[in-house]
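Student: Coordinates in coords-v6.cif, mmCIF, C-alpha atoms, are listed below.
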data_coords
loop_
_atom_site.label_atom_id
_atom_site.label_comp_id
_atom_site.auth_asym_id
_atom_site.auth_seq_id
_atom_site.Cartn_x
_atom_site.Cartn_y
_atom_site.Cartn_z
CA MET A 26 156.73 39.44 111.69
CA LYS A 27 156.36 40.91 115.13
CA VAL A 28 155.79 44.68 115.12
CA PRO A 29 157.72 46.55 117.82
CA ALA A 30 155.55 47.74 120.68
CA ALA A 31 156.73 51.35 120.28
CA LEU A 32 155.66 51.35 116.63
CA VAL A 33 152.29 49.90 117.54
CA LEU A 34 151.72 52.71 120.02
CA THR A 35 152.81 55.34 117.49
CA LEU A 36 150.50 53.97 114.80
CA ALA A 37 147.62 53.74 117.26
CA ALA A 38 148.12 57.35 118.35
CA ALA A 39 148.27 58.54 114.75
CA SER A 40 145.12 56.60 113.89
CA ALA A 41 143.27 58.02 116.86
CA ALA A 42 144.33 61.55 116.00
CA PHE A 43 143.14 61.08 112.42
CA ALA A 44 139.80 59.62 113.47
CA ALA A 45 139.08 62.10 116.23
CA PRO A 46 136.58 64.77 115.21
CA THR A 47 138.04 68.23 114.99
CA THR A 48 136.09 71.03 116.60
CA THR A 49 136.74 74.70 116.27
CA ALA A 50 135.45 76.84 119.10
CA GLU A 51 133.38 79.79 118.02
CA PRO A 52 134.61 83.26 118.99
CA PRO A 53 132.62 84.26 122.10
CA LEU A 54 130.78 87.07 120.33
CA VAL A 55 129.79 84.87 117.41
CA GLU A 56 128.60 82.16 119.78
CA ALA A 57 126.48 84.65 121.72
CA VAL A 58 124.84 85.91 118.53
CA LYS A 59 124.09 82.42 117.26
CA ASN A 60 122.59 81.54 120.64
CA GLY A 61 120.46 84.68 120.60
CA ASP A 62 121.97 85.68 123.94
CA LEU A 63 122.22 89.46 124.21
CA ALA A 64 123.35 89.31 127.83
CA ALA A 65 126.25 86.99 126.95
CA LEU A 66 127.14 89.26 124.04
CA LYS A 67 127.29 92.32 126.27
CA ALA A 68 129.29 90.41 128.89
CA ALA A 69 131.82 89.31 126.29
CA LEU A 70 132.12 92.87 124.98
CA ALA A 71 132.62 94.17 128.52
CA ALA A 72 135.34 91.57 129.01
CA GLY A 73 137.17 92.92 125.98
CA ALA A 74 136.28 90.36 123.31
CA ALA A 75 137.55 91.45 119.89
CA VAL A 76 134.66 92.57 117.68
CA GLY A 77 136.68 91.82 114.56
CA GLU A 78 137.43 88.19 115.45
CA LYS A 79 136.26 85.82 112.71
CA ASP A 80 134.86 82.32 112.85
CA ARG A 81 135.92 79.44 110.62
CA TYR A 82 133.77 80.85 107.82
CA GLY A 83 135.50 84.21 107.95
CA TRP A 84 132.48 85.97 109.46
CA THR A 85 132.51 88.30 112.44
CA ALA A 86 129.80 88.55 115.09
CA VAL A 87 128.15 91.59 113.50
CA MET A 88 127.99 89.81 110.13
CA TRP A 89 126.02 87.04 111.81
CA ALA A 90 123.98 89.48 113.88
CA VAL A 91 122.43 91.33 110.92
CA GLY A 92 120.86 88.11 109.67
CA ARG A 93 120.43 86.00 112.79
CA GLY A 94 120.46 88.43 115.66
CA THR A 95 118.58 91.55 116.65
CA ALA A 96 118.98 95.27 116.22
CA ALA A 97 120.09 95.46 119.86
CA MET A 98 122.92 93.02 119.13
CA VAL A 99 123.97 94.91 116.02
CA ARG A 100 123.91 98.20 117.90
CA ALA A 101 125.99 96.81 120.77
CA LEU A 102 128.63 95.50 118.37
CA VAL A 103 128.74 98.65 116.25
CA ASP A 104 129.12 100.78 119.39
CA LYS A 105 132.30 98.80 120.07
CA GLY A 106 133.64 99.38 116.56
CA ALA A 107 132.24 96.44 114.56
CA ASP A 108 132.39 97.00 110.80
CA LEU A 109 129.07 96.72 108.97
CA ARG A 110 130.76 97.17 105.59
CA PRO A 111 133.64 94.67 105.61
CA ALA A 112 135.81 94.32 102.53
CA ASP A 113 136.13 90.60 103.17
CA PRO A 114 134.30 88.47 102.19
CA PRO A 115 133.71 90.35 98.93
CA GLY A 116 130.10 91.16 98.21
CA PHE A 117 128.87 90.97 101.80
CA ASP A 118 125.84 93.25 102.17
CA ALA A 119 124.36 93.72 105.63
CA MET A 120 120.97 94.77 104.23
CA ILE A 121 120.74 91.67 102.07
CA GLU A 122 121.57 89.45 105.06
CA ALA A 123 118.94 91.21 107.18
CA ALA A 124 116.34 90.64 104.45
CA LYS A 125 117.34 87.00 104.08
CA GLY A 126 116.97 86.50 107.80
CA GLY A 127 113.65 88.32 108.02
CA ARG A 128 115.06 90.85 110.49
CA ALA A 129 112.76 93.85 110.17
CA ASP A 130 114.29 95.64 113.16
CA VAL A 131 117.77 95.27 111.68
CA VAL A 132 116.56 96.55 108.29
CA SER A 133 115.25 99.70 110.00
CA LEU A 134 118.48 100.16 111.94
CA LEU A 135 120.63 99.75 108.85
CA ALA A 136 118.47 102.26 106.97
CA THR A 137 119.24 104.88 109.63
CA ARG A 138 122.94 104.18 109.07
CA GLY A 139 122.85 104.86 105.36
CA PHE A 140 122.27 101.40 103.92
CA SER A 141 120.08 101.26 100.82
CA CYS A 142 116.87 99.25 101.06
CA ALA A 143 116.88 99.05 97.27
CA THR A 144 120.16 97.14 97.25
CA LYS A 145 120.67 93.96 95.24
CA ASP A 146 123.10 91.12 95.94
CA ALA A 147 125.98 90.15 93.68
CA SER A 148 123.67 88.06 91.49
CA GLY A 149 121.15 90.89 91.12
CA VAL A 150 118.45 89.72 93.55
CA PRO A 151 116.91 92.67 95.47
CA ALA A 152 116.57 92.67 99.24
CA LEU A 153 112.77 92.86 98.96
CA ALA A 154 112.73 89.64 96.94
CA TYR A 155 114.46 87.87 99.83
CA ALA A 156 111.91 89.24 102.28
CA ALA A 157 109.12 88.05 99.99
CA GLY A 158 110.76 84.65 99.74
CA GLN A 159 110.82 84.42 103.53
CA SER A 160 107.13 85.39 103.67
CA THR A 161 107.91 88.07 106.24
CA VAL A 162 105.48 90.95 105.97
CA GLU A 163 107.26 92.96 108.66
CA THR A 164 110.56 92.85 106.79
CA ALA A 165 108.92 93.71 103.49
CA ALA A 166 107.23 96.65 105.20
CA ALA A 167 110.52 97.84 106.68
CA LEU A 168 112.18 97.71 103.26
CA LEU A 169 109.36 99.55 101.52
CA ALA A 170 109.43 102.17 104.28
CA CYS A 171 112.97 103.04 103.26
CA LYS A 172 112.30 103.27 99.54
CA ALA A 173 112.71 99.72 98.23
CA ALA A 174 110.97 99.39 94.85
CA VAL A 175 107.88 97.21 95.15
CA ASP A 176 108.36 95.80 91.64
CA ALA A 177 112.16 95.46 91.67
CA ARG A 178 113.21 92.57 89.44
CA ASP A 179 115.77 89.83 89.85
CA PRO A 180 117.90 88.54 86.94
CA LYS A 181 115.07 86.20 85.90
CA GLY A 182 112.68 89.11 85.69
CA ALA A 183 110.71 88.04 88.77
CA THR A 184 109.25 90.73 91.00
CA PRO A 185 108.87 90.25 94.78
CA LEU A 186 105.18 89.43 94.17
CA ILE A 187 106.14 86.71 91.72
CA ARG A 188 108.63 85.30 94.20
CA ALA A 189 105.94 85.26 96.90
CA ALA A 190 103.61 83.40 94.52
CA GLN A 191 106.34 80.91 93.62
CA LEU A 192 106.72 80.02 97.29
CA GLY A 193 103.11 80.25 98.42
CA GLY A 194 103.60 83.33 100.59
CA LEU A 195 100.00 84.42 100.98
CA ASP A 196 100.39 87.15 103.60
CA VAL A 197 103.32 88.86 101.91
CA ALA A 198 101.61 88.56 98.51
CA LYS A 199 98.54 90.32 99.89
CA TYR A 200 100.73 92.95 101.50
CA LEU A 201 102.64 93.65 98.28
CA LEU A 202 99.38 93.88 96.34
CA GLY A 203 98.15 96.38 98.88
CA ARG A 204 101.30 98.42 98.33
CA GLY A 205 100.72 98.65 94.60
CA ALA A 206 102.65 95.67 93.23
CA ALA A 207 101.90 95.06 89.55
CA VAL A 208 99.61 92.04 89.64
CA ASP A 209 100.27 91.03 86.02
CA ALA A 210 104.02 91.71 85.87
CA ARG A 211 105.76 89.00 83.83
CA ASP A 212 109.13 87.38 84.37
CA ASN A 213 111.58 86.56 81.60
CA GLY A 214 109.54 83.50 80.68
CA GLY A 215 106.35 85.52 80.43
CA TYR A 216 104.93 84.04 83.63
CA THR A 217 102.85 86.15 86.02
CA ALA A 218 102.38 85.63 89.74
CA LEU A 219 99.05 83.90 88.99
CA MET A 220 100.75 81.45 86.67
CA TRP A 221 103.34 80.62 89.33
CA ALA A 222 100.62 80.17 91.96
CA ALA A 223 98.92 77.73 89.58
CA HIS A 224 102.23 75.97 89.01
CA GLY A 225 102.77 75.45 92.73
CA GLY A 226 99.15 74.70 93.55
CA TYR A 227 98.86 77.64 95.95
CA THR A 228 95.10 78.08 95.86
CA ALA A 229 94.83 80.87 98.44
CA VAL A 230 97.52 82.88 96.66
CA ALA A 231 95.79 82.37 93.32
CA LYS A 232 92.49 83.57 94.79
CA ALA A 233 94.14 86.66 96.28
CA LEU A 234 95.66 87.47 92.90
CA LEU A 235 92.35 86.99 91.11
CA ASP A 236 90.64 89.19 93.71
CA ALA A 237 93.26 91.82 92.78
CA ARG A 238 92.18 91.48 89.13
CA ALA A 239 95.00 89.30 87.86
CA ASP A 240 94.34 88.42 84.22
CA PRO A 241 93.94 84.63 83.77
CA ALA A 242 94.09 84.98 79.96
CA ILE A 243 97.78 85.91 79.92
CA SER A 244 100.02 83.22 78.48
CA GLY A 245 103.73 82.70 78.92
CA LYS A 246 106.31 82.37 76.20
CA ASP A 247 105.47 78.66 76.15
CA GLY A 248 101.87 79.53 75.22
CA ARG A 249 100.40 78.25 78.48
CA THR A 250 97.90 80.18 80.61
CA ALA A 251 97.44 79.74 84.34
CA ALA A 252 94.53 77.38 83.67
CA VAL A 253 96.63 75.18 81.39
CA ILE A 254 99.46 75.11 83.92
CA ALA A 255 97.09 74.13 86.72
CA LYS A 256 95.54 71.37 84.61
CA VAL A 257 98.87 69.93 83.47
CA ARG A 258 100.22 69.89 87.02
CA GLY A 259 97.06 68.43 88.53
CA ARG A 260 96.21 71.46 90.67
CA ALA A 261 92.47 70.83 90.85
CA ALA A 262 91.71 73.44 93.51
CA VAL A 263 93.42 76.16 91.48
CA SER A 264 91.76 74.94 88.28
CA ALA A 265 88.37 75.44 89.91
CA LEU A 266 89.12 79.16 90.23
CA LEU A 267 90.12 79.64 86.61
CA PRO A 268 88.32 79.59 83.27
CA ALA A 269 88.61 76.24 81.54
CA PRO A 270 91.66 76.02 79.27
#
Kindly transcribe the structure held in the file into structure tokens.

Tutor:
Amino acid sequence: MKVPAALVLTLAAASAAFAAPTTTAEPPLVEAVKNGDLAALKAALAAGAAVGEKDRYGWTAVMWAVGRGTAAMVRALVDKGADLRPADPPGFDAMIEAAKGGRADVVSLLATRGFSCATKDASGVPALAYAAGQSTVETAAALLACKAAVDARDPKGATPLIRAAQLGGLDVAKYLLGRGAAVDARDNGGYTALMWAAHGGYTAVAKALLDARADPAISGKDGRTAAVIAKVRGRAAVSALLPAP
């Protein structure tokens, strides 16, 4: 059966429209923040760009700026009325985003505006734990400077030092130890930072913990010490630092 030409054209147009990729332009302020372009951000603000305009994720420019921008960007947006404490999306916390992004300058700025450096996210993870996870000493220092608790725990009982050990963050682990972090603090499974360093095979972290007098004889709820963990996981370099299991 011969298909009418008009129908062929209609079907072809519909198919092309369906197949064509859809792109959503970013609001100019959001785009400037994501590009790290302060000059473009200021130009867009001067041109009257709406500070409350949201992208396809429902985030405004200032919400992106606290985690991906700079304090100068945040300040420029706030001076034009940007809201650092939006009700939507629920649970958004500017300090948490700054910690996640390793933005020490933003942490300090937010602290001057009344944000708590001891804040935890909706799941109970403290801002300092995120800084430790990012291995950013500067951000950890900024948080501790505004009264974050060095041994604040997440829902699994892990302290920032334990999180640093889990991820091999040597510099931040040393920094936290220097600020009085409890070297033998245990998480909910009874594991210490040394045990997690052994688990991950992070030899330099394990040595730093031992130098800080971490106790290699501690065992977790599973009965395993750091030495046993290192042996089971084939972490020979860590095993060499520890007493034989």

Student: What does the structure give for the distance between CA of Lys232 in chain A and CA of Gly248 in chain A, in Å to one decimal?

Tutor: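 Result for CA of Lys232 in chain A versus CA of Gly248 in chain A: 22.1 Å, one decimal.
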
Student: So what does the PyMOL selection byres ((chain A and resi 111) around 12) actually pick up in this one, as a list in words?

Tutor: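 In the shown coordinates, the PyMOL selection byres ((chain A and resi 111) around 12) covers Gly77, Lys79, Gly83, Trp84, Thr85, Ala86, Val87, Met88, Gly106, Ala107, Asp108, Leu109, Arg110, Ala112, Asp113, Pro114, Pro115, Gly116, Phe117, Asp118 and Ala119 of chain A.
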
Student: I'd like the residues picked by the PyMOL selection byres ((chain A and resi 239-242) around 7) written out as a list in words, using the chain letters and numbers from the file.

Tutor: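 Expected selection for the PyMOL selection byres ((chain A and resi 239-242) around 7) here is Val208, Asp209, Leu219, Leu234, Leu235, Ala237, Arg238, Ile243, Ser244, Thr250, Ala251 and Leu267 of chain A.
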
Student: Please provide the set of residues having any atom within 7 Å of Phe140 in chain A, restricted to all atoms listed in the file, with same-chain residues fewer than 4 positions apart removed, written as an MDAnalysis selection string.

Tutor: chainID A and resid 120 135:136

Student: Could you tell me, as a PyMOL selection string, exactly which residues end up selected when the PyMOL selection byres ((chain A and resi 56) around 12) is applied to this structure?

Tutor: chain A and resi 49-55+57-66+69+74+78-80+84-87+89-90+93-94
